[in-house]
$ cat start.cif   # mmCIF, N, CA and C atoms
data_coords
#
loop_
_atom_site.label_atom_id
_atom_site.label_comp_id
_atom_site.auth_asym_id
_atom_site.auth_seq_id
_atom_site.Cartn_x
_atom_site.Cartn_y
_atom_site.Cartn_z
N MET A 4 -10.60 5.91 22.30
CA MET A 4 -10.76 5.06 21.14
C MET A 4 -9.72 3.93 21.23
N SER A 5 -10.15 2.73 20.91
CA SER A 5 -9.24 1.59 20.97
C SER A 5 -8.19 1.68 19.86
N THR A 6 -7.07 1.00 20.10
CA THR A 6 -6.04 1.00 19.07
C THR A 6 -6.50 0.28 17.81
N ARG A 7 -7.36 -0.73 17.98
CA ARG A 7 -7.89 -1.42 16.80
C ARG A 7 -8.79 -0.49 15.98
N ARG A 8 -9.59 0.30 16.66
CA ARG A 8 -10.45 1.26 15.94
C ARG A 8 -9.57 2.26 15.19
N GLN A 9 -8.53 2.76 15.86
CA GLN A 9 -7.63 3.70 15.19
C GLN A 9 -7.00 3.05 13.95
N ALA A 10 -6.62 1.79 14.08
CA ALA A 10 -6.02 1.08 12.95
C ALA A 10 -7.01 0.94 11.81
N ARG A 11 -8.24 0.58 12.14
CA ARG A 11 -9.26 0.42 11.10
C ARG A 11 -9.53 1.75 10.41
N GLU A 12 -9.60 2.83 11.16
CA GLU A 12 -9.82 4.14 10.56
C GLU A 12 -8.66 4.55 9.67
N CYS A 13 -7.45 4.25 10.11
CA CYS A 13 -6.28 4.56 9.30
C CYS A 13 -6.29 3.73 8.02
N SER A 14 -6.62 2.45 8.14
CA SER A 14 -6.71 1.59 6.95
C SER A 14 -7.75 2.13 5.98
N LEU A 15 -8.89 2.57 6.52
CA LEU A 15 -9.92 3.16 5.67
C LEU A 15 -9.37 4.36 4.92
N GLN A 16 -8.65 5.21 5.60
CA GLN A 16 -8.09 6.40 4.95
C GLN A 16 -7.10 6.01 3.86
N MET A 17 -6.31 4.99 4.12
CA MET A 17 -5.36 4.52 3.11
C MET A 17 -6.10 3.94 1.90
N LEU A 18 -7.10 3.11 2.15
CA LEU A 18 -7.88 2.51 1.06
C LEU A 18 -8.62 3.58 0.26
N TYR A 19 -9.19 4.54 0.95
CA TYR A 19 -9.90 5.63 0.29
C TYR A 19 -8.95 6.41 -0.62
N THR A 20 -7.75 6.66 -0.14
CA THR A 20 -6.76 7.39 -0.94
C THR A 20 -6.39 6.63 -2.19
N VAL A 21 -6.15 5.33 -2.05
CA VAL A 21 -5.82 4.50 -3.21
C VAL A 21 -6.99 4.51 -4.20
N ASP A 22 -8.19 4.34 -3.66
CA ASP A 22 -9.39 4.25 -4.48
C ASP A 22 -9.64 5.53 -5.27
N ASN A 23 -9.44 6.66 -4.65
CA ASN A 23 -9.78 7.93 -5.29
C ASN A 23 -8.63 8.59 -6.04
N CYS A 24 -7.42 8.36 -5.59
CA CYS A 24 -6.27 9.03 -6.20
C CYS A 24 -5.46 8.11 -7.11
N ARG A 25 -5.82 6.81 -7.09
CA ARG A 25 -5.10 5.82 -7.89
C ARG A 25 -3.60 5.86 -7.58
N MET A 26 -3.29 6.12 -6.33
CA MET A 26 -1.91 6.21 -5.87
C MET A 26 -1.33 4.80 -5.69
N PRO A 27 -0.10 4.57 -6.10
CA PRO A 27 0.50 3.26 -5.86
C PRO A 27 0.63 2.97 -4.36
N ASP A 28 0.55 1.70 -4.01
CA ASP A 28 0.62 1.32 -2.60
C ASP A 28 1.90 1.82 -1.93
N THR A 29 3.02 1.78 -2.65
CA THR A 29 4.28 2.22 -2.05
C THR A 29 4.22 3.69 -1.67
N ASP A 30 3.56 4.51 -2.49
CA ASP A 30 3.41 5.93 -2.16
C ASP A 30 2.49 6.11 -0.96
N ILE A 31 1.47 5.25 -0.86
CA ILE A 31 0.57 5.31 0.29
C ILE A 31 1.33 5.05 1.57
N TYR A 32 2.19 4.01 1.55
CA TYR A 32 2.97 3.69 2.74
C TYR A 32 3.83 4.86 3.16
N GLU A 33 4.50 5.46 2.19
CA GLU A 33 5.37 6.60 2.50
C GLU A 33 4.57 7.77 3.07
N CYS A 34 3.45 8.07 2.44
CA CYS A 34 2.61 9.18 2.88
C CYS A 34 2.08 8.95 4.29
N PHE A 35 1.53 7.77 4.53
CA PHE A 35 0.94 7.49 5.84
C PHE A 35 2.00 7.23 6.90
N ASP A 36 3.17 6.79 6.49
CA ASP A 36 4.25 6.59 7.46
C ASP A 36 4.63 7.92 8.09
N GLU A 37 4.59 8.97 7.29
CA GLU A 37 4.89 10.31 7.82
C GLU A 37 3.80 10.79 8.77
N CYS A 38 2.57 10.32 8.56
CA CYS A 38 1.44 10.76 9.39
C CYS A 38 1.32 9.97 10.70
N PHE A 39 1.86 8.76 10.72
CA PHE A 39 1.78 7.96 11.93
C PHE A 39 2.74 8.53 12.96
N PRO A 40 2.26 8.84 14.14
CA PRO A 40 3.22 9.20 15.19
C PRO A 40 4.13 8.00 15.47
N GLN A 41 5.38 8.25 15.69
CA GLN A 41 6.33 7.17 15.93
C GLN A 41 5.90 6.33 17.13
N GLY A 42 5.98 5.03 16.96
CA GLY A 42 5.69 4.12 18.06
C GLY A 42 4.22 3.85 18.31
N GLU A 43 3.34 4.32 17.43
CA GLU A 43 1.90 4.07 17.63
C GLU A 43 1.62 2.58 17.52
N PRO A 44 0.93 2.02 18.51
CA PRO A 44 0.68 0.58 18.50
C PRO A 44 -0.27 0.12 17.40
N TYR A 45 -1.08 0.99 16.86
CA TYR A 45 -2.05 0.58 15.85
C TYR A 45 -1.46 0.53 14.44
N LYS A 46 -0.27 1.06 14.27
CA LYS A 46 0.33 1.15 12.93
C LYS A 46 0.45 -0.22 12.26
N GLU A 47 0.98 -1.19 12.97
CA GLU A 47 1.19 -2.52 12.38
C GLU A 47 -0.13 -3.15 11.95
N PHE A 48 -1.17 -3.04 12.79
CA PHE A 48 -2.47 -3.61 12.45
C PHE A 48 -3.09 -2.88 11.26
N ALA A 49 -2.94 -1.57 11.21
CA ALA A 49 -3.48 -0.78 10.10
C ALA A 49 -2.86 -1.21 8.78
N VAL A 50 -1.57 -1.37 8.76
CA VAL A 50 -0.88 -1.78 7.53
C VAL A 50 -1.25 -3.21 7.16
N LYS A 51 -1.39 -4.07 8.15
CA LYS A 51 -1.78 -5.47 7.90
C LYS A 51 -3.15 -5.53 7.21
N ILE A 52 -4.11 -4.77 7.71
CA ILE A 52 -5.44 -4.76 7.10
C ILE A 52 -5.37 -4.17 5.68
N PHE A 53 -4.68 -3.06 5.54
CA PHE A 53 -4.56 -2.42 4.24
C PHE A 53 -3.95 -3.39 3.21
N LYS A 54 -2.82 -4.00 3.58
CA LYS A 54 -2.17 -4.95 2.67
C LYS A 54 -3.08 -6.13 2.35
N GLY A 55 -3.78 -6.63 3.36
CA GLY A 55 -4.68 -7.75 3.15
C GLY A 55 -5.79 -7.43 2.16
N VAL A 56 -6.36 -6.24 2.30
CA VAL A 56 -7.41 -5.82 1.37
C VAL A 56 -6.84 -5.66 -0.03
N ARG A 57 -5.70 -5.02 -0.14
CA ARG A 57 -5.12 -4.78 -1.46
C ARG A 57 -4.72 -6.09 -2.15
N GLU A 58 -4.15 -7.03 -1.38
CA GLU A 58 -3.71 -8.30 -1.97
C GLU A 58 -4.88 -9.21 -2.34
N ASN A 59 -6.03 -9.01 -1.73
CA ASN A 59 -7.20 -9.85 -1.97
C ASN A 59 -8.36 -9.07 -2.58
N ALA A 60 -8.05 -7.96 -3.24
CA ALA A 60 -9.06 -7.03 -3.72
C ALA A 60 -10.12 -7.70 -4.62
N ASP A 61 -9.69 -8.50 -5.57
CA ASP A 61 -10.65 -9.12 -6.49
C ASP A 61 -11.59 -10.06 -5.76
N LYS A 62 -11.03 -10.87 -4.89
CA LYS A 62 -11.83 -11.82 -4.11
C LYS A 62 -12.80 -11.09 -3.18
N ILE A 63 -12.32 -10.04 -2.53
CA ILE A 63 -13.17 -9.26 -1.62
C ILE A 63 -14.29 -8.57 -2.38
N ASP A 64 -13.97 -7.94 -3.50
CA ASP A 64 -15.00 -7.25 -4.28
C ASP A 64 -16.04 -8.23 -4.82
N ALA A 65 -15.61 -9.41 -5.23
CA ALA A 65 -16.56 -10.42 -5.70
C ALA A 65 -17.49 -10.86 -4.56
N LEU A 66 -16.92 -11.01 -3.38
CA LEU A 66 -17.72 -11.37 -2.21
C LEU A 66 -18.75 -10.28 -1.88
N ILE A 67 -18.31 -9.04 -1.92
CA ILE A 67 -19.22 -7.93 -1.64
C ILE A 67 -20.34 -7.89 -2.66
N GLU A 68 -20.02 -8.01 -3.92
CA GLU A 68 -21.05 -7.97 -4.96
C GLU A 68 -22.03 -9.14 -4.82
N GLN A 69 -21.55 -10.25 -4.31
CA GLN A 69 -22.42 -11.40 -4.08
C GLN A 69 -23.51 -11.07 -3.06
N TYR A 70 -23.18 -10.29 -2.05
CA TYR A 70 -24.13 -9.98 -0.98
C TYR A 70 -24.79 -8.62 -1.12
N ALA A 71 -24.30 -7.78 -1.99
CA ALA A 71 -24.88 -6.45 -2.20
C ALA A 71 -25.81 -6.53 -3.41
N LYS A 72 -26.95 -7.09 -3.20
CA LYS A 72 -27.91 -7.29 -4.29
C LYS A 72 -28.24 -5.95 -4.96
N ASN A 73 -28.19 -5.97 -6.28
CA ASN A 73 -28.52 -4.80 -7.10
C ASN A 73 -27.56 -3.62 -6.92
N TRP A 74 -26.38 -3.90 -6.40
CA TRP A 74 -25.37 -2.85 -6.23
C TRP A 74 -24.08 -3.29 -6.89
N GLU A 75 -23.62 -2.50 -7.84
CA GLU A 75 -22.29 -2.72 -8.39
C GLU A 75 -21.31 -2.02 -7.46
N ILE A 76 -20.20 -2.65 -7.22
CA ILE A 76 -19.26 -2.10 -6.24
C ILE A 76 -18.77 -0.70 -6.61
N GLU A 77 -18.61 -0.44 -7.88
CA GLU A 77 -18.13 0.88 -8.31
C GLU A 77 -19.19 1.97 -8.14
N ARG A 78 -20.45 1.59 -7.98
CA ARG A 78 -21.51 2.58 -7.78
C ARG A 78 -21.71 2.93 -6.31
N MET A 79 -21.12 2.15 -5.42
CA MET A 79 -21.22 2.44 -3.99
C MET A 79 -20.40 3.68 -3.67
N ALA A 80 -20.81 4.39 -2.64
CA ALA A 80 -20.01 5.52 -2.17
C ALA A 80 -18.62 5.00 -1.80
N ALA A 81 -17.59 5.75 -2.13
CA ALA A 81 -16.21 5.30 -1.92
C ALA A 81 -15.93 4.97 -0.46
N VAL A 82 -16.43 5.76 0.45
CA VAL A 82 -16.20 5.49 1.88
C VAL A 82 -16.86 4.18 2.27
N ASP A 83 -18.12 4.01 1.90
CA ASP A 83 -18.85 2.79 2.24
C ASP A 83 -18.18 1.56 1.64
N ARG A 84 -17.81 1.67 0.38
CA ARG A 84 -17.16 0.57 -0.32
C ARG A 84 -15.89 0.12 0.42
N ASN A 85 -15.12 1.07 0.88
CA ASN A 85 -13.86 0.73 1.54
C ASN A 85 -14.05 0.28 2.99
N ILE A 86 -15.06 0.76 3.66
CA ILE A 86 -15.39 0.24 4.99
C ILE A 86 -15.79 -1.23 4.86
N ILE A 87 -16.62 -1.52 3.88
CA ILE A 87 -17.07 -2.91 3.67
C ILE A 87 -15.88 -3.78 3.27
N ARG A 88 -14.99 -3.26 2.45
CA ARG A 88 -13.82 -4.03 2.05
C ARG A 88 -12.96 -4.42 3.26
N LEU A 89 -12.68 -3.45 4.12
CA LEU A 89 -11.82 -3.78 5.24
C LEU A 89 -12.50 -4.75 6.20
N ALA A 90 -13.81 -4.60 6.41
CA ALA A 90 -14.53 -5.53 7.27
C ALA A 90 -14.60 -6.92 6.63
N ALA A 91 -14.83 -6.96 5.32
CA ALA A 91 -14.88 -8.25 4.62
C ALA A 91 -13.55 -8.98 4.73
N TYR A 92 -12.45 -8.24 4.62
CA TYR A 92 -11.14 -8.86 4.77
C TYR A 92 -10.99 -9.44 6.17
N GLU A 93 -11.38 -8.68 7.18
CA GLU A 93 -11.27 -9.21 8.55
C GLU A 93 -12.15 -10.45 8.73
N ILE A 94 -13.34 -10.42 8.17
CA ILE A 94 -14.23 -11.59 8.27
C ILE A 94 -13.59 -12.80 7.63
N MET A 95 -12.96 -12.61 6.46
CA MET A 95 -12.34 -13.71 5.73
C MET A 95 -11.05 -14.20 6.38
N ALA A 96 -10.21 -13.28 6.80
CA ALA A 96 -8.83 -13.63 7.14
C ALA A 96 -8.50 -13.61 8.63
N MET A 97 -9.40 -13.13 9.46
CA MET A 97 -9.09 -13.01 10.89
C MET A 97 -10.19 -13.64 11.74
N PRO A 98 -10.31 -14.96 11.67
CA PRO A 98 -11.38 -15.63 12.42
C PRO A 98 -11.25 -15.49 13.93
N GLU A 99 -10.07 -15.08 14.40
CA GLU A 99 -9.88 -14.89 15.84
C GLU A 99 -10.62 -13.65 16.36
N THR A 100 -10.97 -12.74 15.47
CA THR A 100 -11.74 -11.57 15.86
C THR A 100 -13.22 -11.91 15.73
N PRO A 101 -13.98 -11.76 16.81
CA PRO A 101 -15.42 -12.08 16.72
C PRO A 101 -16.09 -11.27 15.62
N ILE A 102 -16.90 -11.94 14.83
CA ILE A 102 -17.53 -11.30 13.68
C ILE A 102 -18.41 -10.13 14.11
N ASN A 103 -19.06 -10.23 15.26
CA ASN A 103 -19.89 -9.12 15.72
C ASN A 103 -19.06 -7.88 16.03
N VAL A 104 -17.85 -8.07 16.50
CA VAL A 104 -16.95 -6.95 16.75
C VAL A 104 -16.58 -6.28 15.43
N ILE A 105 -16.26 -7.09 14.44
CA ILE A 105 -15.90 -6.55 13.12
C ILE A 105 -17.05 -5.73 12.55
N ILE A 106 -18.25 -6.26 12.62
CA ILE A 106 -19.41 -5.56 12.08
C ILE A 106 -19.70 -4.29 12.87
N ASP A 107 -19.67 -4.38 14.19
CA ASP A 107 -19.92 -3.20 15.02
C ASP A 107 -18.91 -2.09 14.73
N GLU A 108 -17.66 -2.47 14.59
CA GLU A 108 -16.62 -1.47 14.28
C GLU A 108 -16.90 -0.81 12.92
N ALA A 109 -17.24 -1.62 11.93
CA ALA A 109 -17.52 -1.08 10.60
C ALA A 109 -18.71 -0.12 10.63
N VAL A 110 -19.74 -0.48 11.37
CA VAL A 110 -20.93 0.37 11.49
C VAL A 110 -20.56 1.69 12.17
N GLU A 111 -19.80 1.62 13.24
CA GLU A 111 -19.40 2.84 13.95
C GLU A 111 -18.52 3.74 13.08
N ILE A 112 -17.62 3.13 12.35
CA ILE A 112 -16.75 3.92 11.45
C ILE A 112 -17.59 4.56 10.35
N SER A 113 -18.59 3.84 9.85
CA SER A 113 -19.45 4.43 8.80
C SER A 113 -20.23 5.61 9.36
N LYS A 114 -20.64 5.54 10.61
CA LYS A 114 -21.35 6.67 11.23
C LYS A 114 -20.45 7.90 11.32
N LYS A 115 -19.18 7.67 11.53
CA LYS A 115 -18.23 8.78 11.67
C LYS A 115 -17.82 9.38 10.33
N TYR A 116 -17.63 8.53 9.32
CA TYR A 116 -17.04 9.00 8.07
C TYR A 116 -17.99 9.13 6.89
N SER A 117 -19.21 8.60 7.02
CA SER A 117 -20.09 8.59 5.86
C SER A 117 -21.43 9.25 6.19
N THR A 118 -22.44 8.96 5.40
CA THR A 118 -23.74 9.59 5.55
C THR A 118 -24.56 8.93 6.66
N LYS A 119 -25.68 9.54 7.00
CA LYS A 119 -26.51 9.02 8.09
C LYS A 119 -27.12 7.65 7.76
N ASP A 120 -27.31 7.34 6.50
CA ASP A 120 -27.89 6.05 6.12
C ASP A 120 -26.84 4.98 5.83
N SER A 121 -25.59 5.36 5.77
CA SER A 121 -24.54 4.41 5.41
C SER A 121 -24.40 3.28 6.40
N SER A 122 -24.59 3.56 7.67
CA SER A 122 -24.41 2.50 8.67
C SER A 122 -25.39 1.36 8.43
N LYS A 123 -26.61 1.67 7.99
CA LYS A 123 -27.60 0.63 7.68
C LYS A 123 -27.17 -0.19 6.47
N PHE A 124 -26.65 0.50 5.47
CA PHE A 124 -26.18 -0.16 4.26
C PHE A 124 -25.02 -1.10 4.58
N VAL A 125 -24.02 -0.59 5.30
CA VAL A 125 -22.85 -1.38 5.69
C VAL A 125 -23.28 -2.57 6.53
N ASN A 126 -24.12 -2.32 7.51
CA ASN A 126 -24.59 -3.38 8.40
C ASN A 126 -25.33 -4.47 7.62
N GLY A 127 -26.17 -4.07 6.68
CA GLY A 127 -26.94 -5.03 5.91
C GLY A 127 -26.07 -5.99 5.10
N ILE A 128 -25.07 -5.46 4.44
CA ILE A 128 -24.18 -6.30 3.64
C ILE A 128 -23.34 -7.21 4.54
N LEU A 129 -22.81 -6.65 5.61
CA LEU A 129 -21.96 -7.46 6.49
C LEU A 129 -22.76 -8.51 7.25
N ASP A 130 -24.01 -8.22 7.57
CA ASP A 130 -24.86 -9.23 8.21
C ASP A 130 -25.10 -10.41 7.28
N LYS A 131 -25.22 -10.15 5.98
CA LYS A 131 -25.39 -11.25 5.01
C LYS A 131 -24.11 -12.11 4.96
N MET A 132 -22.95 -11.45 5.03
CA MET A 132 -21.69 -12.20 5.06
C MET A 132 -21.59 -13.03 6.33
N LYS A 133 -22.03 -12.46 7.42
CA LYS A 133 -22.01 -13.17 8.70
C LYS A 133 -22.88 -14.42 8.63
N ALA A 134 -24.07 -14.28 8.10
CA ALA A 134 -24.98 -15.42 7.99
C ALA A 134 -24.38 -16.51 7.11
N ALA A 135 -23.73 -16.10 6.02
CA ALA A 135 -23.10 -17.07 5.12
C ALA A 135 -21.94 -17.78 5.81
N ARG A 136 -21.14 -17.02 6.55
CA ARG A 136 -20.00 -17.63 7.26
C ARG A 136 -20.47 -18.60 8.33
N ASN A 137 -21.59 -18.26 8.96
CA ASN A 137 -22.14 -19.12 10.01
C ASN A 137 -22.98 -20.26 9.45
N GLY A 138 -23.14 -20.31 8.11
CA GLY A 138 -23.86 -21.40 7.48
C GLY A 138 -25.37 -21.25 7.51
N ASN A 139 -25.85 -20.02 7.70
CA ASN A 139 -27.32 -19.77 7.72
C ASN A 139 -27.81 -19.35 6.35
#

$ encode --input "start.cif" --output "structure tokens"
Amino acid sequence: MSTRRQARECSLQMLYTVDNCRMPDTDIYECFDECFPQGEPYKEFAVKIFKGVRENADKIDALIEQYAKNWEIERMAAVDRNIIRLAAYEIMAMPETPINVIIDEAVEISKKYSTKDSSKFVNGILDKMKAARNGN
């Protein structure tokens, strides 16, 4: 598994914990810092994505709701919602990462952590964001 994939999965776990446990971000850092093996190369990227999503949460959620027709963000499965959030942040803030890579990673992570139909749901919303970013 690539270090970027590990980072994305770790970020998902951090976001999921915040979302479900209403834990303060500082407690999340402490908790996950203990879980990160020392010197892991993905740690910095994982924290960067997590912080980016948390700092831009309102903007990201509004963007998701714009493309998730007939879906309120709070009604989405927590795992799916947070996978889409982290991918949306990367789409918005990391133009150096090819958008197809971001979407493929999100789809693969959804296959691992969510239901059998989640990958289609995640892919559908992120494809709409891709089309909008590309001006289609």

$ select_by_dssp --input "start.cif" --residues "chain A" --states "helix (DSSP H, G or I)" --output "ChimeraX atom specification"
/A:6-24,28-38,46-58,60-70,76-78,81-96,102-116,121-136

$ residues_around --input "start.cif" --residues "Ala49 of chain A" --least-positions-apart "6" --cutoff "8 Å" --atoms "only N, CA and C atoms" --output "ChimeraX atom specification"
/A:6-7,9-15,55

$ atom_distance --input "start.cif" --atom1 "atom CA of Lys62 of chain A" --atom2 "atom C of Leu18 of chain A"
16.3 Å

$ closest_residue --input "start.cif" --among "A:Asn126, A:Asn73, A:Thr29, A:Thr20" --to "Ile112 of chain A" --atoms "only C-alpha atoms"
A:Asn126

$ atom_distance --input "start.cif" --atom1 "atom CA of Ser113 of chain A" --atom2 "atom CA of Tyr19 of chain A"
12.8 Å

$ residues_around --input "start.cif" --residues "segment 89-94 of chain A" --least-positions-apart "5" --cutoff "9 Å" --atoms "only C-alpha atoms" --output "JSON, numbers by chain"
{"A": [11, 14, 15, 18, 52, 53, 55, 56, 59, 60, 63, 64, 66, 67, 84, 100, 101, 102, 105, 106, 108, 109, 129, 132, 133, 136]}

$ axis_aligned_box --input "start.cif" --around "segment 13-30 of chain A" --padding-each-side "3 Å" --output "AutoDock Vina command-line options"
--center_x -2.8 --center_y 5.2 --center_z 1.1 --size_x 20.2 --size_y 13.7 --size_z 24.0

$ closest_residue --input "start.cif" --among "A:Arg8, A:Ile87, A:Ser122, A:Lys131" --to "Tyr45 of chain A" --atoms "only C-alpha atoms"
A:Arg8

$ atom_distance --input "start.cif" --atom1 "atom CA of Ile86 of chain A" --atom2 "atom CA of Arg25 of chain A"
17.4 Å

$ closest_residue --input "start.cif" --among "A:Met17, A:Glu47, A:Asn85, A:Arg78" --to "Glu33 of chain A" --atoms "only C-alpha atoms"
A:Met17

$ closest_residue --input "start.cif" --among "A:Val104, A:Gln16, A:Asp28, A:Gly127" --to "Glu58 of chain A" --atoms "only C-alpha atoms"
A:Asp28

$ closest_residue --input "start.cif" --among "A:Asp22, A:Pro27, A:Glu77, A:Val110" --to "Lys123 of chain A" --atoms "only N, CA and C atoms"
A:Val110
